[in-house]
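S.K.: Pasting in a structure now, in structure tokens, and then I'll have a few things to ask.
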Amino acid sequence: MSANQWRRAMSRERVVPMRAHPVMPAQTMPVAAALDPYADSNAPRWLKFLWRHLRARHVFVAALVLLFPLMATPFFTYQVVAQSLLLGLIALSLTFLGGYGGMVSLAQMTVAGMAGYAMAVFGTSSSAEISLGWPWWVAVPMAVTIAVLCATLIGWLSVRTEGIYTIMITLAIGVAFYYLVLQNYSIFNGFQGLRELHAPTFLGIPWREPVPFYYLALGCALAGYFAVKWVVRSPFGIALQGIRDNPRRMEALGYHVVAHRVAAYAFAGLLAAVGGILMAWYNALMTPGSVGTSWLINILVIAVLGGMRHPIGAFLGAIVFVLLQTFAIDLIDRERFNLVIGGVFLAIVLFSPDGLLGLWAKFHARFGSTQT
Amino acid sequence: MKQTKRIWIRSVLGAAAALAIAGSAWAQGQPVKIGLLATLEGPFAAGGADGMRGAEMAIKQRGGVVAGRKIEVIKASSDAKPDVAVNATRKLVEQDKVDIVVGPLSGGEGIAVKDYSKTQPQVTFINGSSGAQSTTLVNPSPNFFRFNTEGAQWMVGLGQAALDKGFKRVMVIAEDYAFPYSQVQGFMTEFCAKGGKVPIKAWVPLGGKDYSSVIARIPKDVDALLVVLGGADAVNFLTQYENAGGDKPMLGGSITVSQDVLNYRGKRRDSLVGTLSAGPVADAYTGTEWRAFVDEYRKSYPVSAGGYPSPSLFAYVYYQNMKAALDGLAAVNGDLSGGQAKYRDALKKMVLKTPTGDVRLDDNRQAIGTTFVTEVVKDAQGNLFNKVLRKVDNIDQMLGQKKEQFQMGTRDVPNCP
């Protein structure tokens, strides 16, 4: 988003209560308003809100994600979609930092890994001498808190740098954490990591089973998605985008630039932490491999692949990523399937620097309505 | 136009062919789907590819058909990380619906796949070449079978051989995970019991690039180094140790001096000559069945087609496990009904005929088998190979200790400084 767009977004706040989606035809708004039966009534606010903003495609997507497990095999539900959702949630934290805060951090997987490891250490695992065995409703908040604190620290360390130096410093932190968990045996159990981490049974539902886990991941992903959408429209989010576009001017206006950036890291850390706990439950283990360099980069790949200008990009990117990782080996029955994965990533980034969202926007601009 | 027509013809032909294949398969009974998991990425990529060759050989020997049922192989790959291995296995089991899984390759993966196998009781899991002790010692899974001996068993006999060469003090340099722990235990149990000393153990991360700190720690008064590193790691260490002017004789772990290491073209290569090691394979073993196996491997995968001059440990162990899977299938006449109960029973009771001797299973479905103690020598063409010093039969997982005394290998067990 350029500085111009940001200014427009700011001024639109008063005129149009909700910012229209950039690709949505502008004309639909007044039509919908004219038919709004709740316009003058004293109906509850949420009903008015839903009527005004809910469209057919929203209902369609909601129905699709809610009914998905009924249509697909448990394998697809669990390994493809649930994994995409949790990876998307971690990538979403990077999309938020990068797209709205202008800070590309490679340490988001590290934050997720910290939450996962904390969960393993406080909760139960196969290594009884390490794990404290606390119930999940203590361990989960602990893990999230620790990860958010660490994310804040990482942010506090790296916000004084810009651009490539932020990438460098967060990469350094990520690699340092990787070697810490690889070589520490008393807490992290080294290369073998901690195994048999399972989602708890709560309300009589075994959350580790594919379908419940899918809904758990879906709930967290949706919460993360809407939280990001809400935050970027809140005064804090607008200020953050202002800082992204022109930190000096924002400082002159009296905003505390460093505090805003650190707070952005903390919020992104919260998203990544939730994703990290889901990841630990999904894999049922935490090993250094899950926080290694390849995964730090993979999260960036997912975010870039989907596109950083809208929170949905992270989830789109994650689905493409997981589908490729899972099925590329079936496309060419050789030892060369990594070539397919690399080739597809290259093609997407080459033809659309803005990822899949950019492809969609291009497609829409060419074939869709031209009224935007 | 022409193109659409061509596509039409092709799809019709394709459909006809698919029908024909489906028809013939139906006539012979449903095909048996076997998932084959090895590492085609990461530090063991070369070994994983050779493992796949070995498994394919076992299928080829039976012409791809067992008891009238066609064998359909679905390959999967990991990069030696447990989570990746479980994801790949889950795809084989839940998406591709295989009946039998053969794999994975490395120790940590083996433990993770064994954990997963407990949640899929309808599928039989047969190990690939993973050699961690705890896979079958701690919480064994009733549907996980291992027809290869594991890391500790592979090193039995090396301790005696080292003492015979006059090595009294040995420093251990090994990767920091389950498989090397087992290997070191297999060596030290015998070595320490017979009076050897191990003053320092250096555990290095898997996939490490820089060994300078380890090389600096090598004390002057040790007689030899026990190097338990695999694939690219071993080559990295050898190069750096040579550059640092190192000259200690070496003892190798079972995968340190496997074919894929012997084939690297570094300068240090020649100094590998004389290295003692132990493992379930030995290139120069003269048993007739083993020679026939090697000849067949060479014929199927000549060096020009990417094969090795002699099958690597991975190729052989994957061959062994895949052969067990198929022999078991033949023994029950292809009958996988009743939750594969008959099949598993046949596997448990089977005495597997392998090119290196008979293999039986113990109560934890773990192999009792043979180990070779070998020495690296150079042949007339300049190829390095492992000459057999000694063949040790009937090694079980307790390494000759009593069950009560036995403690699994870790970083600190056993210990004799």
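Each chain of the structure tokens is named A, B, ... in the order shown, its residues numbered from 1; ligands are numbered from 1 in display order.
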Determine, using only C-alpha atoms, which residues of chain A have any atom at most 10 Å from an atom of chain B, and tabulate each with its shortest atom pair and distance in Å to one decimal place, rows ordered by chain and then rising number, as JSON lines.
M.R.:
{"residue": "A:Thr73", "atom": "CA", "partner": "B:Gln95", "partner_atom": "CA", "distance": 7.9}
{"residue": "A:Pro74", "atom": "CA", "partner": "B:Glu94", "partner_atom": "CA", "distance": 7.6}
{"residue": "A:Phe75", "atom": "CA", "partner": "B:Glu94", "partner_atom": "CA", "distance": 5.4}
{"residue": "A:Phe76", "atom": "CA", "partner": "B:Gln95", "partner_atom": "CA", "distance": 7.6}
{"residue": "A:Tyr78", "atom": "CA", "partner": "B:Arg90", "partner_atom": "CA", "distance": 9.8}
{"residue": "A:Gln79", "atom": "CA", "partner": "B:Asn87", "partner_atom": "CA", "distance": 7.3}
{"residue": "A:Val80", "atom": "CA", "partner": "B:Lys91", "partner_atom": "CA", "distance": 9.6}
{"residue": "A:Tyr179", "atom": "CA", "partner": "B:Pro205", "partner_atom": "CA", "distance": 8.7}
{"residue": "A:Leu182", "atom": "CA", "partner": "B:Pro205", "partner_atom": "CA", "distance": 7.2}
{"residue": "A:Gln183", "atom": "CA", "partner": "B:Pro205", "partner_atom": "CA", "distance": 7.4}
{"residue": "A:Tyr185", "atom": "CA", "partner": "B:Arg411", "partner_atom": "CA", "distance": 9.8}
{"residue": "A:Asn189", "atom": "CA", "partner": "B:Tyr177", "partner_atom": "CA", "distance": 9.8}
{"residue": "A:Gly190", "atom": "CA", "partner": "B:Asp176", "partner_atom": "CA", "distance": 7.7}
{"residue": "A:Phe191", "atom": "CA", "partner": "B:Tyr177", "partner_atom": "CA", "distance": 5.7}
{"residue": "A:Gln192", "atom": "CA", "partner": "B:Tyr177", "partner_atom": "CA", "distance": 6.2}
{"residue": "A:Gly193", "atom": "CA", "partner": "B:Gly108", "partner_atom": "CA", "distance": 9.4}
{"residue": "A:Arg195", "atom": "CA", "partner": "B:Ala112", "partner_atom": "CA", "distance": 7.9}
{"residue": "A:Glu196", "atom": "CA", "partner": "B:Asp115", "partner_atom": "CA", "distance": 7.9}
{"residue": "A:Ala280", "atom": "CA", "partner": "B:Asp83", "partner_atom": "CA", "distance": 9.9}
{"residue": "A:Tyr282", "atom": "CA", "partner": "B:Asp83", "partner_atom": "CA", "distance": 9.5}
{"residue": "A:Asn283", "atom": "CA", "partner": "B:Asp83", "partner_atom": "CA", "distance": 5.9}
{"residue": "A:Ala284", "atom": "CA", "partner": "B:Asp83", "partner_atom": "CA", "distance": 8.3}
{"residue": "A:Leu285", "atom": "CA", "partner": "B:Asp83", "partner_atom": "CA", "distance": 7.2}
{"residue": "A:Met286", "atom": "CA", "partner": "B:Asp83", "partner_atom": "CA", "distance": 8.2}
{"residue": "A:Thr287", "atom": "CA", "partner": "B:Pro82", "partner_atom": "CA", "distance": 7.8}
{"residue": "A:Pro288", "atom": "CA", "partner": "B:Lys81", "partner_atom": "CA", "distance": 8.9}
{"residue": "A:Gly289", "atom": "CA", "partner": "B:Lys81", "partner_atom": "CA", "distance": 6.2}
{"residue": "A:Ser290", "atom": "CA", "partner": "B:Asp83", "partner_atom": "CA", "distance": 7.7}
{"residue": "A:Gln325", "atom": "CA", "partner": "B:Ala88", "partner_atom": "CA", "distance": 9.5}
{"residue": "A:Thr326", "atom": "CA", "partner": "B:Lys91", "partner_atom": "CA", "distance": 7.5}
{"residue": "A:Phe327", "atom": "CA", "partner": "B:Lys91", "partner_atom": "CA", "distance": 9.0}
{"residue": "A:Ile329", "atom": "CA", "partner": "B:Ala76", "partner_atom": "CA", "distance": 7.0}
{"residue": "A:Asp330", "atom": "CA", "partner": "B:Lys75", "partner_atom": "CA", "distance": 8.4}
{"residue": "A:Asp333", "atom": "CA", "partner": "B:Lys75", "partner_atom": "CA", "distance": 7.9}
{"residue": "A:Arg334", "atom": "CA", "partner": "B:Lys75", "partner_atom": "CA", "distance": 8.8}
{"residue": "A:Glu335", "atom": "CA", "partner": "B:Leu40", "partner_atom": "CA", "distance": 6.4}
{"residue": "A:Arg336", "atom": "CA", "partner": "B:Leu40", "partner_atom": "CA", "distance": 8.8}
{"residue": "A:Phe337", "atom": "CA", "partner": "B:Leu40", "partner_atom": "CA", "distance": 9.5}
{"residue": "A:Asn338", "atom": "CA", "partner": "B:Glu41", "partner_atom": "CA", "distance": 8.6}
S.K.: How would the residues just picked look written out with C-alpha atoms as a PDB file, in the first residue's frame?
M.R.:
ATOM      1  CA  THR A  73     -11.227 -37.424   3.580  1.00  0.00           C
ATOM      2  CA  PRO A  74      -9.736 -37.152   7.084  1.00  0.00           C
ATOM      3  CA  PHE A  75      -6.334 -37.015   5.411  1.00  0.00           C
ATOM      4  CA  PHE A  76      -7.246 -33.926   3.411  1.00  0.00           C
ATOM      5  CA  TYR A  78      -6.005 -32.917   8.671  1.00  0.00           C
ATOM      6  CA  GLN A  79      -2.801 -32.965   6.706  1.00  0.00           C
ATOM      7  CA  VAL A  80      -3.660 -30.528   3.939  1.00  0.00           C
ATOM      8  CA  TYR A 179      21.121 -24.169  17.786  1.00  0.00           C
ATOM      9  CA  LEU A 182      19.565 -28.533  19.062  1.00  0.00           C
ATOM     10  CA  GLN A 183      22.310 -28.547  21.660  1.00  0.00           C
ATOM     11  CA  TYR A 185      19.431 -31.414  26.485  1.00  0.00           C
ATOM     12  CA  ASN A 189      16.108 -32.658  24.580  1.00  0.00           C
ATOM     13  CA  GLY A 190      18.419 -31.848  21.663  1.00  0.00           C
ATOM     14  CA  PHE A 191      18.067 -33.283  18.206  1.00  0.00           C
ATOM     15  CA  GLN A 192      15.382 -35.730  19.209  1.00  0.00           C
ATOM     16  CA  GLY A 193      13.167 -33.045  20.672  1.00  0.00           C
ATOM     17  CA  ARG A 195       7.519 -36.259  21.381  1.00  0.00           C
ATOM     18  CA  GLU A 196       3.935 -37.317  22.028  1.00  0.00           C
ATOM     19  CA  ALA A 280       3.149 -28.801  18.105  1.00  0.00           C
ATOM     20  CA  TYR A 282      -0.399 -31.228  14.750  1.00  0.00           C
ATOM     21  CA  ASN A 283       3.032 -32.863  14.498  1.00  0.00           C
ATOM     22  CA  ALA A 284       2.699 -34.363  17.987  1.00  0.00           C
ATOM     23  CA  LEU A 285       6.352 -33.460  18.420  1.00  0.00           C
ATOM     24  CA  MET A 286       8.714 -30.510  18.596  1.00  0.00           C
ATOM     25  CA  THR A 287      12.168 -31.033  17.139  1.00  0.00           C
ATOM     26  CA  PRO A 288      14.839 -28.516  16.163  1.00  0.00           C
ATOM     27  CA  GLY A 289      13.928 -29.300  12.559  1.00  0.00           C
ATOM     28  CA  SER A 290      10.653 -27.405  12.990  1.00  0.00           C
ATOM     29  CA  GLN A 325       4.803 -30.242  -0.485  1.00  0.00           C
ATOM     30  CA  THR A 326       2.347 -33.111  -0.279  1.00  0.00           C
ATOM     31  CA  PHE A 327       1.588 -33.905  -3.886  1.00  0.00           C
ATOM     32  CA  ILE A 329       6.073 -36.235  -5.515  1.00  0.00           C
ATOM     33  CA  ASP A 330       3.078 -37.681  -7.386  1.00  0.00           C
ATOM     34  CA  ASP A 333       7.606 -40.054 -10.123  1.00  0.00           C
ATOM     35  CA  ARG A 334      11.281 -39.398  -9.662  1.00  0.00           C
ATOM     36  CA  GLU A 335      13.766 -37.976  -7.255  1.00  0.00           C
ATOM     37  CA  ARG A 336      13.206 -34.573  -8.821  1.00  0.00           C
ATOM     38  CA  PHE A 337       9.985 -33.408  -7.255  1.00  0.00           C
ATOM     39  CA  ASN A 338      11.632 -30.525  -5.418  1.00  0.00           C
TER      40      ASN A 338
END
S.K.: Mind checking which residues fall within 12 Å of region 326-339 of chain B, counting only C-alpha atoms, ignoring those fewer than 2 positions away in the same chain, and posting them as a PyMOL selection string?
M.R.: chain B and resi 28-34+55-72+98-102+120-124+126+143+145+147+319-324+341-354
S.K.: Considering only C-alpha atoms, state which residue in the set B:Ser213, B:Asn127, B:Ser254, B:Ser312 is at the smallest distance from Ala46 (chain B).
M.R.: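 The shortest atom-to-atom distance to Ala46 (chain B) comes from B:Ser312.
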S.K.: Write down as a PDB file with C-alpha atoms, in the first residue's frame the residues of region 184-259 of chain A whose backbone DSSP state falls under strand (DSSP E).
M.R.:
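Listed below is the output, out_26.pdb:
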ATOM      1  CA  LEU A 194      10.037 -33.742  22.647  1.00  0.00           C
ATOM      2  CA  ARG A 195       7.519 -36.259  21.381  1.00  0.00           C
ATOM      3  CA  THR A 201      -9.653 -33.841  25.363  1.00  0.00           C
ATOM      4  CA  PHE A 202     -11.894 -30.996  26.417  1.00  0.00           C
ATOM      5  CA  ILE A 205     -14.124 -33.852  22.435  1.00  0.00           C
ATOM      6  CA  PRO A 206     -10.751 -35.406  21.588  1.00  0.00           C
TER       7      PRO A 206
END
S.K.: Which residues, written as a list in words, have at least one atom at most 7 Å from Gly274 (chain B), with only C-alpha atoms counted and residues fewer than 4 positions away on the same chain left out?
M.R.: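 These residues fall inside the cut-off: Glu375, Val376 and Val377 of chain B.
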